[in-house]
$ cat entry_29.csv   # CSV, C-alpha atoms and all ligand atoms
chain,number,residue,atom,x,y,z
A,100,MET,CA,-6.7,-7.2,-17.3
A,101,ARG,CA,-3.3,-6.0,-18.7
A,102,ILE,CA,-2.3,-3.2,-16.3
A,103,LEU,CA,0.6,-0.8,-16.7
A,104,ILE,CA,1.8,0.9,-13.4
A,105,THR,CA,3.7,4.2,-13.5
A,106,GLY,CA,5.9,5.1,-10.5
A,107,ALA,CA,5.8,1.3,-9.7
A,108,ASN,CA,8.7,1.4,-7.2
A,109,GLY,CA,7.0,4.0,-4.9
A,110,GLN,CA,4.9,3.1,-1.9
A,111,LEU,CA,1.6,2.6,-3.7
A,112,GLY,CA,3.2,1.1,-6.8
A,113,ARG,CA,4.7,-1.7,-4.7
A,114,SER,CA,1.4,-2.4,-3.0
A,115,LEU,CA,-0.3,-2.5,-6.4
A,116,GLN,CA,2.3,-5.0,-7.6
A,117,ARG,CA,1.1,-7.4,-4.9
A,118,ALA,CA,-2.6,-6.6,-5.0
A,119,LEU,CA,-2.7,-7.1,-8.8
A,120,ALA,CA,-0.7,-10.3,-9.0
A,121,SER,CA,-3.6,-12.2,-10.5
A,122,HIS,CA,-3.6,-9.8,-13.5
A,123,GLU,CA,-0.9,-9.2,-16.1
A,124,ILE,CA,1.1,-6.2,-14.9
A,125,ILE,CA,3.8,-4.1,-16.4
A,126,ASN,CA,5.8,-2.3,-13.7
A,127,LEU,CA,7.5,0.9,-14.8
A,128,GLY,CA,9.7,2.7,-12.3
A,129,HIS,CA,11.1,6.2,-12.9
A,130,ALA,CA,14.3,4.7,-14.6
A,131,GLU,CA,12.1,3.0,-17.3
A,132,LEU,CA,9.5,5.8,-17.7
A,133,ASP,CA,9.8,9.5,-17.0
A,134,VAL,CA,6.2,10.8,-17.3
A,135,SER,CA,7.4,14.2,-18.3
A,136,ASP,CA,8.5,12.6,-21.6
A,137,PRO,CA,5.4,12.1,-23.8
A,138,GLU,CA,7.3,10.1,-26.5
A,139,CYS,CA,8.6,7.6,-23.9
A,140,ILE,CA,5.0,7.1,-22.6
A,141,ASP,CA,3.8,6.5,-26.2
A,142,GLN,CA,6.6,4.0,-26.8
A,143,TRP,CA,5.6,1.9,-23.7
A,144,MET,CA,1.9,2.1,-24.6
A,145,ASN,CA,2.6,0.9,-28.2
A,146,GLN,CA,4.9,-1.9,-27.0
A,147,GLU,CA,2.8,-3.2,-24.1
A,148,LYS,CA,-0.7,-2.4,-25.1
A,149,PRO,CA,-2.2,-2.3,-21.6
A,150,ASN,CA,-6.0,-2.0,-21.2
A,151,VAL,CA,-5.5,-0.1,-17.9
A,152,VAL,CA,-2.9,2.4,-16.7
A,153,ILE,CA,-2.6,3.1,-13.0
A,154,HIS,CA,-0.6,6.3,-12.7
A,155,CYS,CA,1.2,6.6,-9.4
A,156,ALA,CA,4.3,8.5,-10.5
A,157,ALA,CA,4.5,11.9,-8.8
A,158,LEU,CA,6.7,14.3,-7.1
A,159,THR,CA,5.4,13.8,-3.6
A,160,ASP,CA,7.7,15.8,-1.4
A,161,THR,CA,5.5,18.8,-0.7
A,162,ASN,CA,8.3,21.0,0.6
A,163,LEU,CA,10.4,20.3,-2.5
A,164,CYS,CA,7.3,21.1,-4.7
A,165,GLU,CA,7.0,24.4,-2.8
A,166,ARG,CA,10.6,25.3,-3.7
A,167,ALA,CA,10.3,24.1,-7.3
A,168,PRO,CA,6.7,24.6,-8.4
A,169,ALA,CA,7.7,24.3,-12.1
A,170,SER,CA,9.1,20.8,-11.5
A,171,ALA,CA,5.9,20.0,-9.6
A,172,ARG,CA,3.8,21.1,-12.5
A,173,ALA,CA,6.0,19.3,-15.1
A,174,VAL,CA,5.6,16.0,-13.3
A,175,ASN,CA,2.3,16.1,-11.5
A,176,GLY,CA,0.4,18.3,-13.9
A,177,ILE,CA,1.8,18.0,-17.4
A,178,GLY,CA,3.1,14.4,-16.7
A,179,THR,CA,-0.4,13.3,-15.8
A,180,HIS,CA,-1.7,15.0,-18.9
A,181,ASN,CA,0.9,13.1,-21.0
A,182,VAL,CA,-0.2,9.8,-19.5
A,183,ALA,CA,-3.9,10.6,-20.1
A,184,ARG,CA,-3.3,11.7,-23.7
A,185,SER,CA,-1.6,8.5,-24.5
A,186,CYS,CA,-4.4,6.5,-22.8
A,187,ALA,CA,-6.9,8.4,-24.9
A,188,ILE,CA,-5.1,7.5,-28.1
A,189,SER,CA,-4.8,3.8,-27.2
A,190,GLY,CA,-8.2,3.4,-25.5
A,191,ALA,CA,-6.8,2.3,-22.1
A,192,ARG,CA,-8.6,3.2,-18.9
A,193,LEU,CA,-6.7,5.5,-16.7
A,194,VAL,CA,-6.6,5.5,-12.9
A,195,ALA,CA,-4.8,8.7,-11.8
A,196,ILE,CA,-3.9,9.0,-8.1
A,197,SER,CA,-4.5,12.3,-6.4
A,198,THR,CA,-4.6,13.7,-2.9
A,199,ASN,CA,-6.8,15.1,-0.1
A,200,GLU,CA,-4.6,18.2,-0.3
A,201,VAL,CA,-6.6,19.5,-3.2
A,202,PHE,CA,-9.0,20.8,-0.6
A,203,ASP,CA,-8.4,24.0,1.5
A,204,GLY,CA,-9.5,22.4,4.8
A,205,VAL,CA,-12.1,24.9,5.9
A,206,LYS,CA,-15.0,22.5,5.7
A,207,ALA,CA,-15.8,21.0,9.1
A,208,SER,CA,-17.0,17.6,7.8
A,209,PRO,CA,-15.5,15.1,5.5
A,210,TYR,CA,-15.1,16.2,1.8
A,211,VAL,CA,-17.2,14.3,-0.7
A,212,GLU,CA,-16.1,13.7,-4.2
A,213,ASP,CA,-18.1,16.7,-5.6
A,214,ASP,CA,-16.8,19.3,-3.2
A,215,ARG,CA,-14.8,22.0,-4.9
A,216,PRO,CA,-11.0,21.8,-4.6
A,217,ASN,CA,-9.1,24.9,-3.6
A,218,PRO,CA,-5.4,23.9,-3.2
A,219,LEU,CA,-3.2,25.8,-0.7
A,220,ASN,CA,0.3,24.6,-1.7
A,221,ALA,CA,2.3,24.0,-4.9
A,222,TYR,CA,2.1,20.2,-4.7
A,223,ALA,CA,-1.7,20.4,-4.3
A,224,VAL,CA,-2.0,22.9,-7.2
A,225,SER,CA,0.1,20.6,-9.4
A,226,LYS,CA,-2.0,17.5,-8.4
A,227,PHE,CA,-5.3,19.4,-9.1
A,228,ASP,CA,-3.9,20.5,-12.5
A,229,GLY,CA,-3.1,16.8,-13.1
A,230,GLU,CA,-6.7,15.8,-12.3
A,231,SER,CA,-8.2,18.5,-14.5
A,232,LEU,CA,-5.9,17.9,-17.4
A,233,ALA,CA,-6.3,14.2,-17.3
A,234,SER,CA,-10.1,14.3,-17.2
A,235,ALA,CA,-10.2,16.8,-20.1
A,236,ALA,CA,-7.8,14.7,-22.2
A,237,HIS,CA,-9.4,11.3,-21.6
A,238,ARG,CA,-13.1,10.5,-20.9
A,239,ASP,CA,-12.3,7.1,-19.3
A,240,THR,CA,-10.4,8.5,-16.3
A,241,LEU,CA,-10.9,7.5,-12.7
A,242,ILE,CA,-9.4,10.1,-10.3
A,243,VAL,CA,-8.6,8.3,-7.0
A,244,ARG,CA,-7.9,10.8,-4.1
A,245,ALA,CA,-6.2,9.3,-1.0
A,246,SER,CA,-4.6,10.7,2.1
A,247,TRP,CA,-1.5,10.2,4.2
A,248,LEU,CA,-0.1,7.1,2.6
A,249,TYR,CA,2.3,4.6,4.2
A,250,GLY,CA,3.6,1.5,2.6
A,251,ARG,CA,5.8,-1.4,3.4
A,252,GLY,CA,9.6,-1.2,3.1
A,253,TYR,CA,9.6,2.5,2.7
A,254,VAL,CA,10.8,5.5,4.8
A,255,ASN,CA,7.2,6.6,5.6
A,256,PHE,CA,5.8,8.7,8.5
A,257,ASN,CA,5.6,5.5,10.7
A,258,GLU,CA,9.3,4.8,10.3
A,259,LYS,CA,10.4,8.4,10.7
A,260,VAL,CA,8.5,8.7,14.0
A,261,LEU,CA,10.2,5.5,15.2
A,262,VAL,CA,13.7,6.5,14.2
A,263,ALA,CA,13.3,9.9,15.9
A,264,ALA,CA,12.0,8.2,19.1
A,265,ARG,CA,14.8,5.6,19.1
A,266,ASP,CA,17.4,8.4,18.6
A,267,GLY,CA,16.0,10.2,21.6
A,268,ARG,CA,15.1,13.3,19.6
A,269,PRO,CA,12.3,15.6,21.0
A,270,LEU,CA,9.0,14.7,19.3
A,271,SER,CA,6.3,17.2,18.7
A,272,PHE,CA,3.3,17.0,16.2
A,273,VAL,CA,0.5,19.2,15.2
A,274,THR,CA,-3.0,18.6,16.6
A,275,ASP,CA,-4.8,20.8,14.0
A,276,GLU,CA,-3.9,19.1,10.8
A,277,ILE,CA,-6.5,16.4,10.4
A,278,ALA,CA,-6.9,13.7,7.8
A,279,THR,CA,-6.7,9.9,7.7
A,280,PRO,CA,-3.6,7.7,7.6
A,281,THR,CA,-4.0,5.2,4.9
A,282,ALA,CA,-2.2,1.9,4.2
A,283,THR,CA,-1.1,1.6,0.6
A,284,ASP,CA,-1.9,-2.2,0.8
A,285,ASP,CA,-5.6,-1.4,1.6
A,286,LEU,CA,-5.7,1.3,-1.1
A,287,ALA,CA,-4.3,-1.0,-3.7
A,288,VAL,CA,-6.9,-3.6,-3.0
A,289,ALA,CA,-9.7,-1.0,-3.3
A,290,ILE,CA,-8.3,0.2,-6.6
A,291,ARG,CA,-8.3,-3.4,-7.9
A,292,GLU,CA,-11.9,-3.7,-6.8
A,293,LEU,CA,-12.8,-0.5,-8.7
A,294,LEU,CA,-11.3,-2.0,-11.8
A,295,GLU,CA,-12.8,-5.4,-11.4
A,296,ARG,CA,-16.3,-3.9,-10.8
A,297,ASP,CA,-15.9,-1.8,-13.9
A,298,ALA,CA,-16.5,1.4,-11.9
A,299,PRO,CA,-17.6,4.4,-14.0
A,300,ALA,CA,-15.2,7.2,-14.8
A,301,GLY,CA,-15.1,10.0,-12.3
A,302,ILE,CA,-13.7,10.9,-8.9
A,303,TYR,CA,-13.3,8.5,-6.0
A,304,HIS,CA,-12.3,9.2,-2.4
A,305,LEU,CA,-10.4,6.2,-1.0
A,306,SER,CA,-8.7,6.4,2.4
A,307,ASN,CA,-8.8,4.3,5.5
A,308,ASN,CA,-11.9,5.1,7.6
A,309,GLY,CA,-11.9,7.6,10.5
A,310,GLU,CA,-9.8,10.7,11.2
A,311,ALA,CA,-6.7,11.7,13.1
A,312,SER,CA,-4.3,14.6,13.7
A,313,ARG,CA,-0.6,14.1,13.0
A,314,TYR,CA,-0.3,14.0,16.8
A,315,ASP,CA,-2.9,11.2,17.2
A,316,TRP,CA,-1.1,9.3,14.4
A,317,ALA,CA,2.3,9.6,16.0
A,318,VAL,CA,1.0,8.6,19.5
A,319,GLU,CA,-0.7,5.5,17.9
A,320,ILE,CA,2.5,4.5,16.1
A,321,LEU,CA,4.5,4.7,19.4
A,322,ARG,CA,1.9,2.7,21.2
A,323,LEU,CA,1.8,-0.1,18.6
A,324,ALA,CA,5.7,-0.2,18.6
A,325,GLY,CA,5.8,-0.7,22.4
A,326,LEU,CA,7.2,2.9,22.9
A,327,ALA,CA,4.1,4.3,24.6
A,328,ASP,CA,6.2,5.9,27.3
A,329,THR,CA,7.9,8.2,24.8
A,330,GLN,CA,7.3,11.9,25.5
A,331,VAL,CA,5.3,13.6,22.6
A,332,ALA,CA,4.5,17.3,22.7
A,333,SER,CA,1.5,18.7,20.9
A,334,VAL,CA,1.6,22.0,19.0
A,335,THR,CA,-0.7,23.9,16.7
A,336,MET,CA,0.3,24.8,13.1
A,337,ALA,CA,0.4,28.5,14.2
A,338,GLU,CA,2.8,27.7,17.1
A,339,LEU,CA,5.0,25.7,14.7
A,340,ARG,CA,5.1,28.5,12.2
A,341,ALA,CA,6.0,31.0,15.0
A,342,THR,CA,9.1,28.9,15.6
A,343,GLY,CA,10.2,29.7,12.0
A,344,TYR,CA,8.9,26.5,10.3
A,345,ALA,CA,8.4,27.5,6.7
A,346,GLY,CA,7.1,24.2,5.1
A,347,ALA,CA,4.2,24.0,2.7
A,348,MET,CA,0.8,25.2,3.9
A,349,LYS,CA,-1.5,22.3,4.7
A,350,PRO,CA,-5.3,22.1,4.9
A,351,ALA,CA,-6.4,22.0,8.5
A,352,TYR,CA,-9.1,19.4,7.8
A,353,SER,CA,-9.0,17.2,4.7
A,354,VAL,CA,-10.8,14.0,5.7
A,355,LEU,CA,-12.2,12.3,2.6
A,356,ALA,CA,-15.7,10.8,2.5
A,357,ASN,CA,-16.0,7.7,0.4
A,358,THR,CA,-19.4,7.9,-1.1
A,359,ARG,CA,-18.9,6.8,-4.8
A,360,ALA,CA,-16.9,3.6,-4.1
A,361,ALA,CA,-19.1,2.8,-1.1
A,362,ALA,CA,-22.0,2.7,-3.5
A,363,LEU,CA,-20.1,-0.2,-5.3
A,364,ASP,CA,-19.6,-1.8,-1.8
A,365,ILE,CA,-15.9,-0.8,-1.7
A,366,ARG,CA,-14.9,0.4,1.7
A,367,LEU,CA,-11.6,0.6,3.6
A,368,ARG,CA,-11.2,-0.4,7.3
A,369,ASP,CA,-10.5,1.9,10.2
A,370,TRP,CA,-7.1,3.6,10.1
A,371,ARG,CA,-6.2,2.2,13.6
A,372,GLU,CA,-6.9,-1.4,12.4
A,373,ALA,CA,-4.8,-0.9,9.3
A,374,LEU,CA,-2.0,0.6,11.3
A,375,ALA,CA,-2.1,-2.3,13.7
A,376,ALA,CA,-1.9,-4.7,10.8
A,377,TYR,CA,1.2,-2.8,9.5
A,378,PHE,CA,2.9,-3.2,12.9
A,379,ALA,CA,1.8,-6.9,13.2
A,380,HIS,CA,3.8,-7.6,10.0
A,381,ARG,CA,6.4,-5.0,10.3
A,382,PRO,CA,9.6,-7.2,10.7
A,383,ALA,CA,8.9,-8.9,7.3
A,384,MET,CA,7.9,-5.5,5.8
A,385,ALA,CA,11.2,-3.9,6.7
A,386,ASP,CA,12.8,-5.8,3.8
A,387,GLY,CA,10.3,-4.4,1.4
A,401,LIG,N1,2.4,9.9,0.0
A,401,LIG,C1,1.3,10.4,0.4
A,401,LIG,O1,1.0,10.6,1.6
A,401,LIG,C2,0.2,10.6,-0.6
A,401,LIG,C3,-1.1,11.1,-0.1
A,401,LIG,C4,-2.1,11.3,-1.1
A,401,LIG,C5,-1.9,11.0,-2.4
A,401,LIG,N2,-0.6,10.6,-2.8
A,401,LIG,C6,-0.5,10.3,-4.2
A,401,LIG,O2,-0.4,8.9,-4.4
A,401,LIG,C7,0.5,8.6,-5.5
A,401,LIG,C8,1.5,7.6,-5.0
A,401,LIG,O3,2.2,8.1,-3.9
A,401,LIG,P1,3.4,7.4,-3.1
A,401,LIG,O4,3.3,7.8,-1.7
A,401,LIG,O5,3.4,6.0,-3.5
A,401,LIG,O6,4.6,8.2,-3.8
A,401,LIG,P2,6.1,7.8,-3.8
A,401,LIG,O7,6.4,6.7,-2.9
A,401,LIG,O8,6.9,9.1,-3.7
A,401,LIG,O9,6.3,7.2,-5.3
A,401,LIG,C9,6.2,8.1,-6.4
A,401,LIG,C10,7.1,7.4,-7.5
A,401,LIG,O10,7.1,8.3,-8.6
A,401,LIG,C11,8.4,8.3,-9.2
A,401,LIG,N3,8.6,9.5,-10.0
A,401,LIG,C12,8.9,10.8,-9.6
A,401,LIG,N4,9.0,11.6,-10.7
A,401,LIG,C13,8.8,10.8,-11.8
A,401,LIG,C14,8.7,11.1,-13.1
A,401,LIG,N5,9.0,12.3,-13.7
A,401,LIG,N6,8.4,10.0,-14.0
A,401,LIG,C15,8.2,8.8,-13.5
A,401,LIG,N7,8.2,8.5,-12.2
A,401,LIG,C16,8.5,9.5,-11.3
A,401,LIG,C17,9.3,8.3,-8.0
A,401,LIG,O11,10.6,7.8,-8.4
A,401,LIG,P3,11.9,8.4,-7.8
A,401,LIG,O12,11.8,8.4,-6.3
A,401,LIG,O13,13.0,7.5,-8.3
A,401,LIG,O14,12.0,9.8,-8.3
A,401,LIG,C18,8.6,7.3,-7.0
A,401,LIG,O15,9.0,6.0,-7.2
A,401,LIG,C19,1.0,9.9,-6.0
A,401,LIG,O16,0.3,10.3,-7.1
A,401,LIG,C20,0.8,10.9,-4.8
A,401,LIG,O17,0.7,12.2,-5.3
A,401,LIG,C21,0.4,10.4,-1.9

$ encode --input "entry_29.csv" --output "structure tokens" --more "lines below"
Ligand SMILES: NC(=O)c1ccc[n+]([C@@H]2O[C@H](COP(=O)([O-])OP(=O)(O)OC[C@H]3O[C@@H](n4cnc5c(N)ncnc54)[C@H](OP(=O)(O)O)[C@@H]3O)[C@@H](O)[C@H]2O)c1
Amino acid sequence: MRILITGANGQLGRSLQRALASHEIINLGHAELDVSDPECIDQWMNQEKPNVVIHCAALTDTNLCERAPASARAVNGIGTHNVARSCAISGARLVAISTNEVFDGVKASPYVEDDRPNPLNAYAVSKFDGESLASAAHRDTLIVRASWLYGRGYVNFNEKVLVAARDGRPLSFVTDEIATPTATDDLAVAIRELLERDAPAGIYHLSNNGEASRYDWAVEILRLAGLADTQVASVTMAELRATGYAGAMKPAYSVLANTRAAALDIRLRDWREALAAYFAHRPAMADG
């Protein structure tokens, strides 16, 4: 396959570059391709003629999206439409990456692919717009929803927790925001498998298996890094907001159930196993 990756220098983009090494890949970072510019996308598509586009480019800072919802929509909504429209013209398959945050979190069991989204924050609204616009513009679109990504060589949640611990800063994490930490290396392999098995268009939920709160995740990071003695306080989202925290609203429970990819025998391992693998290789990963 000849595969063009947007946002290729982000966490998932870098993992895809490694996972897809046996295919022809065209890696476009933000400097080469701004997805809010439809002409630029068409130029790349005409020049490179990929048969698949994996669209990772996004504004992923949820608090920034909350402050600048128009920018979020321009990149995550309209930008995704621009990519889909260009794929529809050229006939390339599209894999558009989306998020667990499209759900409102009131369901008490994992969300399946057909559950109805109801986004709570500006980032999630813009990502759901992107999903809807892409599917309407191009029939051959695979929407891949994932949660809580961390990738090598990147300032991800794992690294932020470790830096804060080593700086001796007080650590506290919420116990009532629950999803699944997901290694981008695992997600990239699962996306490759979807493509190689010629998965039908539609929505796929792909996260590592199991569930955790932010607190559980942080405690496991510290344990794996040999810092299990670090004091970590637990708070609820309500307690955090009562202290003046004004970040984006998050779904309380947004675990994704993988039913459609599992039917193609595509499953990701448990999140603790994936996190242990990240830490087992971390010295090499720190260089990206
Ligand atoms: N991170 C998560 O926890 C998470 C969870 C679920 C789903 N997702 C989704 O998964 C996908 C990949 O996420 P990620 O964590 O790999 O994100 P990331 O590391 O933030 O990478 C996103 C990339 O998109 C680029 N970008 C931003 N605006 C752009 C634009 N207008 N045109 C082209 N490129 C642009 C960024 O470049 P610059 O930095 O140079 O601007 C960055 O390299 C995204 O669709 C995201 O919404 C992420």

$ residues_around --input "entry_29.csv" --residues "region 128-144 of chain A" --least-positions-apart "2" --cutoff "10 Å" --atoms "only C-alpha atoms" --output "ChimeraX atom specification"
/A:103-109,112,125-126,146-150,152,154-157,170,172-186,188-189,191

$ closest_residue --input "entry_29.csv" --among "A:Asn307, A:Thr240, A:Ser246, A:Asn217" --to "Asn199 (chain A)" --atoms "only C-alpha atoms"
A:Ser246

$ residues_around --input "entry_29.csv" --residues "region 371-375 of chain A" --least-positions-apart "5" --cutoff "8 Å" --atoms "only C-alpha atoms" --output "PyMOL selection string"
chain A and resi 281-282+285+307+319-320+323

$ atom_distance --input "entry_29.csv" --atom1 "atom N3 of ligand LIG 401 (chain A)" --atom2 "CA of Leu127 (chain A)"
9.9 Å

$ closest_residue --input "entry_29.csv" --among "A:Ala118, A:Ala245, A:Ala187, A:Ala235" --to "ligand LIG 401 (chain A)" --atoms "all atoms listed in the file"
A:Ala245

$ closest_residue --input "entry_29.csv" --among "A:Met100, A:Cys164, A:Ala236, A:Leu248" --to "ligand LIG 401 (chain A)" --atoms "all atoms listed in the file"
A:Leu248
